[in-house]
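See structure below.
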Amino acid sequence: RRVASKQSGSTGVCVQPATLILFDGILVKNKMFIYLSKKIAIPNSTKLKCISWNQQQGWIACGGEDGMLKVLKLDSQTGIEAHARGLAAPSNLSMNQTLEGHTGTVQVVRWNHFHQKLTTSDQYGLIIVWMLYKGSWYEEMINNRNKSVVRDMKWNADGERICIVYEDGAVIVGSVDGNRIWGKDLKSVNLAHAEWSPDGRSLLFGTTSSEVLIYDNQGIAVSKLKLQCLANVTGAYKLAGIQWYNGSEGFMEPDCPCLAVCFDNGRLQIMRHEVDENPVLVDTGMTVVSIGWNHCGSVLAIAGLQSSPLAPESMKECNVVQFYTPLGEHLRTLKVPGKQIHCCSWEGGSLRISLAVDSYIYFANVRPDYKWAYCTNTVVYAFTKPDKTDHFVMFWDVKNCEVRAKNVTHVLSVTACGDMCCLASRCNDVNGQNTVILCNAIGTPLDNRYIDMEPLYVAMSRTHIVAASREAIYVWQFKSPKKLTALELMQMSTKRGREGRDRLIHIDDIPSGAGDSGPIDFKRALSPTRDPICCVCLSDKMLVVGRESGTLHRYSLPLLALEMKHVANCRPDHISLNCNSTRLAIIDIAGVLSFFDFERTAAEGVSANAYGEHLKFERKDVWDMKWADDNPELFAMMEKTRMYIFRNLDPEEPVQCSGYICQFEDLQVRSVLLDEVMKDPDHPSRDSVIDMDVKSLRDTRELLQKVSIQDACQFIEDNPHPRLWRLLSETALDRLELDMADKAFVRCQDYQGIQFVKRLKRLDSEEKQLAEVAAYFKRFEEAERLYLDMDRRDLAVDLRMKLGDWFRVVQLVKTGGGAGDDSLLEQAWSAIGDYYADRQKWQHAVTYYQQGRNQERLAECYYMLEDYNGLEQMVHSLPDNYPLLSTIGRMFVTVGMCEQAVAAYVKVGEVKKAIDSCVHLNQWDQAVDLAKTSDGTEIDSLLAKYASYLLEKNRRLEAVELYRKANHHIDAARLLYELAKENADAHINPLRTKKLYVLAALQIESYHDQVRLKSSAMAAMSGDTKKGETVSALEGLLQEDIIGAADTKMLETAWKGAEAFHFWLLAQTQLYRGQREAAMITALHLRQYEDLLNPIDIYSLLALTCCNTKAFGTCSKAFIKLESLDVLSEEDREAYELLALDIFTRYSARDRSVSDTGLSSWDMTGEVDGGETKLPVCIVTGRAITDFQFWMCGTCKHRAYEGEIDSYNYCPLCHSPM
């Protein structure tokens, strides 16, 4: 629990300093300024007792003695100048209606913001509900209990229910339509206050005995509120008010206190919820009569009486309103005239507060301390949203009307200088670090620092950022990324590079600037000091730090050496250095502006060691000021709702304005109406930025219009400024007084202007000079008209060409005539095409490129439009060897259009690129054809390279397809054989293995066909038939010799693998179909394929089929072969022996006779003539073919019985169509 106590300040309207408190270990700083702005007198001097401001529609209800009840409304005038909008706008009463119905003193007035109803009650307990009808207020309902006095009435957050409490303890809860929901009498309790919880589930009742009771929304007692603020309090006190902010506009930070309970003795307790064990406790030191939260729960206003700070022993009290944050930080104290203040109420946007004092209504304007800055035509401001916990930082480019939003966790401050800004924020991590982020004008983070101290005060120059806590100063020397070299950028990312540019000093240290730049120890920042820091400011060569005692520390930069300590005659709250760092502006805690001159020498009667002087100049009620960037004697300041511009401490005529000053440069002040911006921060309006001229600039403009240019020049000589000389030069140019314009350009150091005047003097006619001047001032229409009047259309065309206004160029060329117009038109059409192409309007660009005959950009547009037909037509229309064809070819390659790309490359004569494109797109047939028609010596190397790449990636089937398309059939067959063998060895999917062998054999057949065609071609070329046949045969033999031994075997036994797995599958199929004899015959053929099939599988299947057909002799031979295999394990061999013993002990090892089986000996052996001749085997049945007529496959040359093959449409072996 932290306690913040009130501190008294100096006299004036704002007498309370902006203090800092420690809340849960977090230092919190906030500022605001408030001043009285308007007073309305009540007729007949009727004393006011209560006031309430409708936060949505703006009506003000006030009640007082003798039944006086009024509804007022303040509306700002419309049609006024832009700078007088907002709080500066004059306001008048648009409604002033007296409501009659009460006879006694009106004590309570409450608005229902959602249903536009007003509820009032008087000292006799009469309650009236008023409604708006046709612009006036009328009675809607009346209620009088006639037993007690109404002490308080409150609507819940959504305006659907109202709670009415009577002094005798009666409580009534009713609906918005007047129906009673429930009522209850609290025995032995006198009630004084009531309040709803934000969710409407709880009710708080304040009693006259200073207790706060908690009930639910059905009237059931829950508990009592624990009042820790009354600890150790003696004497009589009573409850002054209960206010519970409903959170409709979000919270200042997560878990922010929102329930305020205040007593008339000045004790205040702010809680997060009704059972908060760690509330914020504040002793305001005043007699409290009323409290109220602003619309977003960030400020609590406490109205009452306070002893005079000048003579507290005199017991004279004055009316004051104190303002606190939800964390208990005291912001400001507003002193109010009058004898007795009774009530206060906030406006809807919290920019004004109304006060009921005696028979007057006072209005005070509030100037919030927004988190904002200005850099390079960009307003940077932070704000929150009700449904979000993070802050939103908006970068608003006021020149281009563009906004960019950035999410930042809990922004503490925003500052800027030049074209960069700095964001200080609090991190959410457990380390409690804070971060300082350097951004450019569009919100891009450029660099950042994490610091273990709270950056309460942040200032920035073009090279340094200073973040100060109450005790220490952290200085970060940054560099603009635009000026960094690659080596410096690399050093920035290292810890050593960062530490070398950062410094940390304690406010009580006396740094000499020669200290080391080692690692920063943030523990030094936690050392306490008796005189804390309260403000900082920064220039390129100086850092000034203000302390609460009024001491000013002046440090030199970049050495950070303490040069001098000065003493100001006030406690500074905001300080600012002028452009040459000779004078310091100070706004103290009371809003008084004064100046400290660093160059003044010691005054008379002052120690000779004292340098600098606090000037006697003072201005009150100042809440913002800004030095001119180009004149150390010029500054602008905001005093209440007026802007003053001072030259050497002499003021000009003020201007009504409530804007925050952004920039003062070139005799022009730019301000932004942040109050208007914050109403809709996501969509700021350019009308909220106001530019105002200083008096000398306005006077110079007026003189240039009314007197001679020589007299105006004399005035500028007496009041010199580059902006005035520039204005004089512009006027002199308009009048063609070139000597005066040249003089003015020299005085404002405008080299381009001097050169322009010299060029004007060389022109041969005054009309040309006038046209050039008009173009110089960007009056292009006028310049063109002058050129056309001189019959110099060519100059008008040149002007439009320089401006890039090619549409107008086309119009001018078409209306004129002469040589070279065609080329100029083509240039204009092409430029217009560029205009549309830059905006990605490709179809429009095509039209203009065609008219301009810009083939290069036309091809690009076709490509972007994916109009490949247009590109193809360009290939046909362009002449041979046109360089653009190569670019078009690349475009076709990127989209996979090989034929079109080849056509483009061939037409431009780049055949090698055409071949590369075919290879890239896997169009190997076309690549081979191109290589054959040209020098295709590299095709084999490219083919081998790509195939190697595919094999490395284990994409062997793609490599097979590559070889097949390139007619490298041997290489394709070799890969297929390898794949088939791997499948066979793995004993997986024999059907897939057969297919792989078939594909390999088909590649071999394709190779044979290729050799045969080549040989036939050579024979045809020889002319001699016999000689040609001989050459053909030799060519085939030589080709096979080149292939090699391994591949020769592959050529000779191309179909053997396919046969092996075909018969293997056939035998299995026949066995499962019950064709036992056929399965046995087919299995007998498998003995020829021991090199391709596993011998164990062959003889196991043979033994099984023979056993089924009772051919035990052949079965015995199969077992003998199995038991003799070397690859068989001992365990398996023993199992086979036991199985053979079991079979042949029952059956004799003899085959049945041929007559018994119905099979011939040829079926059993497949041989005739004693084994000298091998019979062909039917690929359908597996039997030997003995007929003279049979079917033969045209692809694989295998045979089958005609009767068996009739039911097939494809060859059973090679699957080719029959």
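Chain lettering (A, B, ...) mirrors the order of the structure tokens, residue numbering begins at 1 for each chain separately, and ligand numbering begins at 1 in order of display.
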- Task: Skip region 882-887 of chain A itself and residues of its chain fewer than 3 positions away, then list as a ChimeraX atom specification all residues within 7 Å of it, counting only C-alpha atoms.
- Result: /A:856,875,878-879,890-891,904-905,908
Please produce a file of those selected residues containing N, CA, C and O atoms, as a PDB file, in the first residue's frame.
```
ATOM      1  N   GLU A 856       9.490  -3.284 -76.720  1.00  0.00           N
ATOM      2  CA  GLU A 856      10.035  -3.849 -75.477  1.00  0.00           C
ATOM      3  C   GLU A 856       9.003  -3.789 -74.353  1.00  0.00           C
ATOM      4  O   GLU A 856       8.727  -4.794 -73.686  1.00  0.00           O
ATOM      5  N   VAL A 875       6.473 -12.516 -81.987  1.00  0.00           N
ATOM      6  CA  VAL A 875       7.582 -13.315 -82.509  1.00  0.00           C
ATOM      7  C   VAL A 875       7.482 -13.423 -84.034  1.00  0.00           C
ATOM      8  O   VAL A 875       8.485 -13.320 -84.754  1.00  0.00           O
ATOM      9  N   LEU A 878       8.088  -9.631 -85.617  1.00  0.00           N
ATOM     10  CA  LEU A 878       9.400  -8.998 -85.493  1.00  0.00           C
ATOM     11  C   LEU A 878      10.358  -9.546 -86.540  1.00  0.00           C
ATOM     12  O   LEU A 878      10.299 -10.730 -86.899  1.00  0.00           O
ATOM     13  N   PRO A 879      11.275  -8.740 -87.029  1.00  0.00           N
ATOM     14  CA  PRO A 879      12.248  -9.233 -88.032  1.00  0.00           C
ATOM     15  C   PRO A 879      13.262 -10.184 -87.406  1.00  0.00           C
ATOM     16  O   PRO A 879      13.425 -10.241 -86.184  1.00  0.00           O
ATOM     17  N   ARG A 890      12.880 -15.961 -73.243  1.00  0.00           N
ATOM     18  CA  ARG A 890      12.997 -16.194 -71.800  1.00  0.00           C
ATOM     19  C   ARG A 890      11.626 -16.139 -71.129  1.00  0.00           C
ATOM     20  O   ARG A 890      11.361 -16.894 -70.191  1.00  0.00           O
ATOM     21  N   MET A 891      10.770 -15.227 -71.591  1.00  0.00           N
ATOM     22  CA  MET A 891       9.421 -15.156 -71.023  1.00  0.00           C
ATOM     23  C   MET A 891       8.671 -16.460 -71.252  1.00  0.00           C
ATOM     24  O   MET A 891       7.987 -16.970 -70.344  1.00  0.00           O
ATOM     25  N   ALA A 904      11.234 -18.359 -80.861  1.00  0.00           N
ATOM     26  CA  ALA A 904      11.840 -17.048 -80.648  1.00  0.00           C
ATOM     27  C   ALA A 904      13.354 -17.124 -80.696  1.00  0.00           C
ATOM     28  O   ALA A 904      14.017 -16.293 -81.336  1.00  0.00           O
ATOM     29  N   TYR A 905      13.931 -18.138 -80.018  1.00  0.00           N
ATOM     30  CA  TYR A 905      15.388 -18.263 -79.996  1.00  0.00           C
ATOM     31  C   TYR A 905      15.953 -18.579 -81.381  1.00  0.00           C
ATOM     32  O   TYR A 905      16.997 -18.063 -81.776  1.00  0.00           O
ATOM     33  N   VAL A 908      16.046 -15.510 -83.554  1.00  0.00           N
ATOM     34  CA  VAL A 908      17.110 -14.567 -83.231  1.00  0.00           C
ATOM     35  C   VAL A 908      18.487 -15.185 -83.420  1.00  0.00           C
ATOM     36  O   VAL A 908      19.519 -14.524 -83.228  1.00  0.00           O
TER      37      VAL A 908
END
```
Counting only C-alpha atoms, which residues of region 315-392 of chain A fall within 6 Å of region 283-301 of chain A, and what is the closest atom pair for each with its distance in Å at one decimal, ordered by chain and rising number, as JSON lines?
```
{"residue": "A:Gln322", "atom": "CA", "partner": "A:Ala301", "partner_atom": "CA", "distance": 5.8}
{"residue": "A:Phe323", "atom": "CA", "partner": "A:Ala301", "partner_atom": "CA", "distance": 4.7}
{"residue": "A:Tyr324", "atom": "CA", "partner": "A:Leu300", "partner_atom": "CA", "distance": 5.1}
{"residue": "A:Thr325", "atom": "CA", "partner": "A:Val299", "partner_atom": "CA", "distance": 4.8}
{"residue": "A:Cys343", "atom": "CA", "partner": "A:Ser290", "partner_atom": "CA", "distance": 5.3}
{"residue": "A:Trp346", "atom": "CA", "partner": "A:Asn294", "partner_atom": "CA", "distance": 5.8}
{"residue": "A:Ser350", "atom": "CA", "partner": "A:Asn294", "partner_atom": "CA", "distance": 5.6}
```
Serialized selection, all heavy atoms, as a PDB file, in the first residue's frame:
```
ATOM      1  N   GLN A 322      -9.062  19.533  -6.902  1.00  0.00           N
ATOM      2  CA  GLN A 322      -7.824  18.797  -7.107  1.00  0.00           C
ATOM      3  C   GLN A 322      -8.068  17.664  -8.092  1.00  0.00           C
ATOM      4  O   GLN A 322      -9.163  17.087  -8.162  1.00  0.00           O
ATOM      5  CB  GLN A 322      -7.301  18.235  -5.784  1.00  0.00           C
ATOM      6  CG  GLN A 322      -6.865  19.304  -4.808  1.00  0.00           C
ATOM      7  CD  GLN A 322      -6.138  18.707  -3.613  1.00  0.00           C
ATOM      8  OE1 GLN A 322      -5.714  17.559  -3.634  1.00  0.00           O
ATOM      9  NE2 GLN A 322      -6.003  19.508  -2.565  1.00  0.00           N
ATOM     10  N   PHE A 323      -7.017  17.349  -8.852  1.00  0.00           N
ATOM     11  CA  PHE A 323      -7.114  16.325  -9.889  1.00  0.00           C
ATOM     12  C   PHE A 323      -6.053  15.260  -9.626  1.00  0.00           C
ATOM     13  O   PHE A 323      -4.870  15.589  -9.428  1.00  0.00           O
ATOM     14  CB  PHE A 323      -6.924  16.941 -11.276  1.00  0.00           C
ATOM     15  CG  PHE A 323      -7.970  17.960 -11.622  1.00  0.00           C
ATOM     16  CD1 PHE A 323      -7.795  19.302 -11.291  1.00  0.00           C
ATOM     17  CD2 PHE A 323      -9.144  17.584 -12.252  1.00  0.00           C
ATOM     18  CE1 PHE A 323      -8.759  20.245 -11.599  1.00  0.00           C
ATOM     19  CE2 PHE A 323     -10.124  18.521 -12.564  1.00  0.00           C
ATOM     20  CZ  PHE A 323      -9.926  19.854 -12.223  1.00  0.00           C
ATOM     21  N   TYR A 324      -6.511  13.998  -9.621  1.00  0.00           N
ATOM     22  CA  TYR A 324      -5.637  12.862  -9.348  1.00  0.00           C
ATOM     23  C   TYR A 324      -5.787  11.811 -10.454  1.00  0.00           C
ATOM     24  O   TYR A 324      -6.841  11.702 -11.096  1.00  0.00           O
ATOM     25  CB  TYR A 324      -5.994  12.202  -8.007  1.00  0.00           C
ATOM     26  CG  TYR A 324      -5.631  13.033  -6.795  1.00  0.00           C
ATOM     27  CD1 TYR A 324      -6.496  14.015  -6.322  1.00  0.00           C
ATOM     28  CD2 TYR A 324      -4.434  12.828  -6.128  1.00  0.00           C
ATOM     29  CE1 TYR A 324      -6.172  14.778  -5.207  1.00  0.00           C
ATOM     30  CE2 TYR A 324      -4.102  13.591  -5.008  1.00  0.00           C
ATOM     31  CZ  TYR A 324      -4.969  14.552  -4.554  1.00  0.00           C
ATOM     32  OH  TYR A 324      -4.638  15.308  -3.464  1.00  0.00           O
ATOM     33  N   THR A 325      -4.724  11.037 -10.638  1.00  0.00           N
ATOM     34  CA  THR A 325      -4.802   9.861 -11.516  1.00  0.00           C
ATOM     35  C   THR A 325      -5.370   8.690 -10.719  1.00  0.00           C
ATOM     36  O   THR A 325      -5.439   8.750  -9.477  1.00  0.00           O
ATOM     37  CB  THR A 325      -3.415   9.488 -12.057  1.00  0.00           C
ATOM     38  OG1 THR A 325      -2.619   8.973 -10.982  1.00  0.00           O
ATOM     39  CG2 THR A 325      -2.738  10.687 -12.682  1.00  0.00           C
ATOM     40  N   CYS A 343     -20.565  21.255  -6.131  1.00  0.00           N
ATOM     41  CA  CYS A 343     -20.573  20.062  -6.991  1.00  0.00           C
ATOM     42  C   CYS A 343     -19.694  20.307  -8.217  1.00  0.00           C
ATOM     43  O   CYS A 343     -19.406  21.461  -8.582  1.00  0.00           O
ATOM     44  CB  CYS A 343     -22.005  19.735  -7.418  1.00  0.00           C
ATOM     45  SG  CYS A 343     -22.193  18.114  -8.200  1.00  0.00           S
ATOM     46  N   TRP A 346     -18.024  16.507 -15.211  1.00  0.00           N
ATOM     47  CA  TRP A 346     -17.180  16.535 -16.409  1.00  0.00           C
ATOM     48  C   TRP A 346     -18.032  16.616 -17.678  1.00  0.00           C
ATOM     49  O   TRP A 346     -19.136  16.081 -17.743  1.00  0.00           O
ATOM     50  CB  TRP A 346     -16.325  15.277 -16.496  1.00  0.00           C
ATOM     51  CG  TRP A 346     -15.214  15.184 -15.507  1.00  0.00           C
ATOM     52  CD1 TRP A 346     -15.264  14.622 -14.272  1.00  0.00           C
ATOM     53  CD2 TRP A 346     -13.880  15.664 -15.679  1.00  0.00           C
ATOM     54  NE1 TRP A 346     -14.053  14.702 -13.650  1.00  0.00           N
ATOM     55  CE2 TRP A 346     -13.168  15.343 -14.498  1.00  0.00           C
ATOM     56  CE3 TRP A 346     -13.214  16.334 -16.690  1.00  0.00           C
ATOM     57  CZ2 TRP A 346     -11.826  15.668 -14.318  1.00  0.00           C
ATOM     58  CZ3 TRP A 346     -11.874  16.664 -16.524  1.00  0.00           C
ATOM     59  CH2 TRP A 346     -11.191  16.333 -15.342  1.00  0.00           C
ATOM     60  N   SER A 350     -14.153  15.226 -21.591  1.00  0.00           N
ATOM     61  CA  SER A 350     -13.251  15.546 -20.480  1.00  0.00           C
ATOM     62  C   SER A 350     -12.309  16.702 -20.801  1.00  0.00           C
ATOM     63  O   SER A 350     -11.247  16.812 -20.213  1.00  0.00           O
ATOM     64  CB  SER A 350     -12.438  14.312 -20.068  1.00  0.00           C
ATOM     65  OG  SER A 350     -13.282  13.281 -19.644  1.00  0.00           O
TER      66      SER A 350
END
```
- Spatial neighbours of Met790 (chain A), max dist 12 Å, only C-alpha atoms, sep filter under 3 positions, as a ChimeraX atom specification: /A:765-771,783-787,793-796
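Every protein or nucleic acid residue with an atom no more than 6 Å from region 136-152 of chain A, counting only C-alpha atoms and leaving out same-chain residues fewer than 3 positions away, appears here: A:Gln123, A:Tyr124, A:Gly125, A:Leu126, A:Ile127, A:Ile128, A:Val129, A:Trp130, A:Met131, A:Leu132, A:Tyr133, A:Val165, A:Tyr166, A:Glu167, A:Ala192, A:His193.
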Grab the residues selected above and save them as a short mmCIF file (atom, residue, chain, number, x, y, z; two decimals), in the first residue's frame with N, CA, C and O atoms.
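Saved to again04.cif:
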```cif
data_model
loop_
_atom_site.label_atom_id
_atom_site.label_comp_id
_atom_site.auth_asym_id
_atom_site.auth_seq_id
_atom_site.Cartn_x
_atom_site.Cartn_y
_atom_site.Cartn_z
N GLN A 123 -35.71 18.43 -1.60
CA GLN A 123 -35.58 18.20 -0.17
C GLN A 123 -36.82 17.56 0.44
O GLN A 123 -36.75 17.04 1.56
N TYR A 124 -37.94 17.54 -0.26
CA TYR A 124 -39.14 16.93 0.26
C TYR A 124 -39.35 15.51 -0.24
O TYR A 124 -40.41 14.92 0.02
N GLY A 125 -38.41 14.97 -0.97
CA GLY A 125 -38.51 13.59 -1.45
C GLY A 125 -39.23 13.44 -2.77
O GLY A 125 -39.49 12.32 -3.21
N LEU A 126 -39.60 14.56 -3.44
CA LEU A 126 -40.28 14.50 -4.73
C LEU A 126 -39.26 14.13 -5.82
O LEU A 126 -38.23 14.79 -5.97
N ILE A 127 -39.62 13.10 -6.59
CA ILE A 127 -38.77 12.66 -7.70
C ILE A 127 -39.52 12.92 -9.00
O ILE A 127 -40.68 12.54 -9.14
N ILE A 128 -38.85 13.56 -9.95
CA ILE A 128 -39.44 13.83 -11.26
C ILE A 128 -38.50 13.30 -12.33
O ILE A 128 -37.29 13.55 -12.29
N VAL A 129 -39.10 12.56 -13.28
CA VAL A 129 -38.35 12.10 -14.45
C VAL A 129 -38.77 12.97 -15.63
O VAL A 129 -39.96 13.07 -15.95
N TRP A 130 -37.79 13.61 -16.25
CA TRP A 130 -38.05 14.53 -17.37
C TRP A 130 -37.65 13.87 -18.68
O TRP A 130 -36.67 13.12 -18.74
N MET A 131 -38.40 14.19 -19.73
CA MET A 131 -38.12 13.65 -21.06
C MET A 131 -38.04 14.80 -22.07
O MET A 131 -38.63 15.88 -21.87
N LEU A 132 -37.30 14.56 -23.15
CA LEU A 132 -37.14 15.56 -24.20
C LEU A 132 -38.20 15.34 -25.27
O LEU A 132 -38.37 14.23 -25.79
N TYR A 133 -38.92 16.41 -25.59
CA TYR A 133 -39.95 16.31 -26.63
C TYR A 133 -39.91 17.58 -27.46
O TYR A 133 -40.13 18.69 -26.94
N VAL A 165 -31.98 5.88 -3.12
CA VAL A 165 -31.79 5.64 -1.70
C VAL A 165 -32.34 6.83 -0.91
O VAL A 165 -32.16 7.99 -1.30
N TYR A 166 -33.05 6.49 0.19
CA TYR A 166 -33.63 7.49 1.07
C TYR A 166 -32.84 7.56 2.37
O TYR A 166 -32.17 6.59 2.76
N GLU A 167 -32.97 8.69 3.02
CA GLU A 167 -32.21 8.90 4.25
C GLU A 167 -32.60 7.89 5.32
O GLU A 167 -31.77 7.48 6.13
N ALA A 192 -26.79 7.69 2.54
CA ALA A 192 -26.39 8.98 1.99
C ALA A 192 -25.96 8.89 0.52
O ALA A 192 -26.11 9.86 -0.23
N HIS A 193 -25.43 7.73 0.12
CA HIS A 193 -24.90 7.59 -1.24
C HIS A 193 -25.20 6.20 -1.78
O HIS A 193 -25.39 5.24 -1.00
#
```
- Near Ser175 (chain A), counting only C-alpha atoms, which residues have an atom at most 7 Å away, once you skip same-chain residues fewer than 2 positions from it, shown as an NGL selection string? :A and (160-162 or 177-181)
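Ranking A:Ile505, A:Met153, A:Leu331, A:Ala972 by their shortest atom-to-atom distance to Pro368 (chain A), with only C-alpha atoms included, puts A:Leu331 first.
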- Would you mind telling me which residue in A:Glu1131, A:Ala1184, A:Ala986, A:Ser91 lies nearest to Thr1082 (chain A) when using only C-alpha atoms? A:Ala1184
- Item | Residues flagged helix (DSSP H, G or I) by DSSP in region 797-827 of chain A, as a PyMOL selection string | chain A and resi 797-803+806-815+821-827
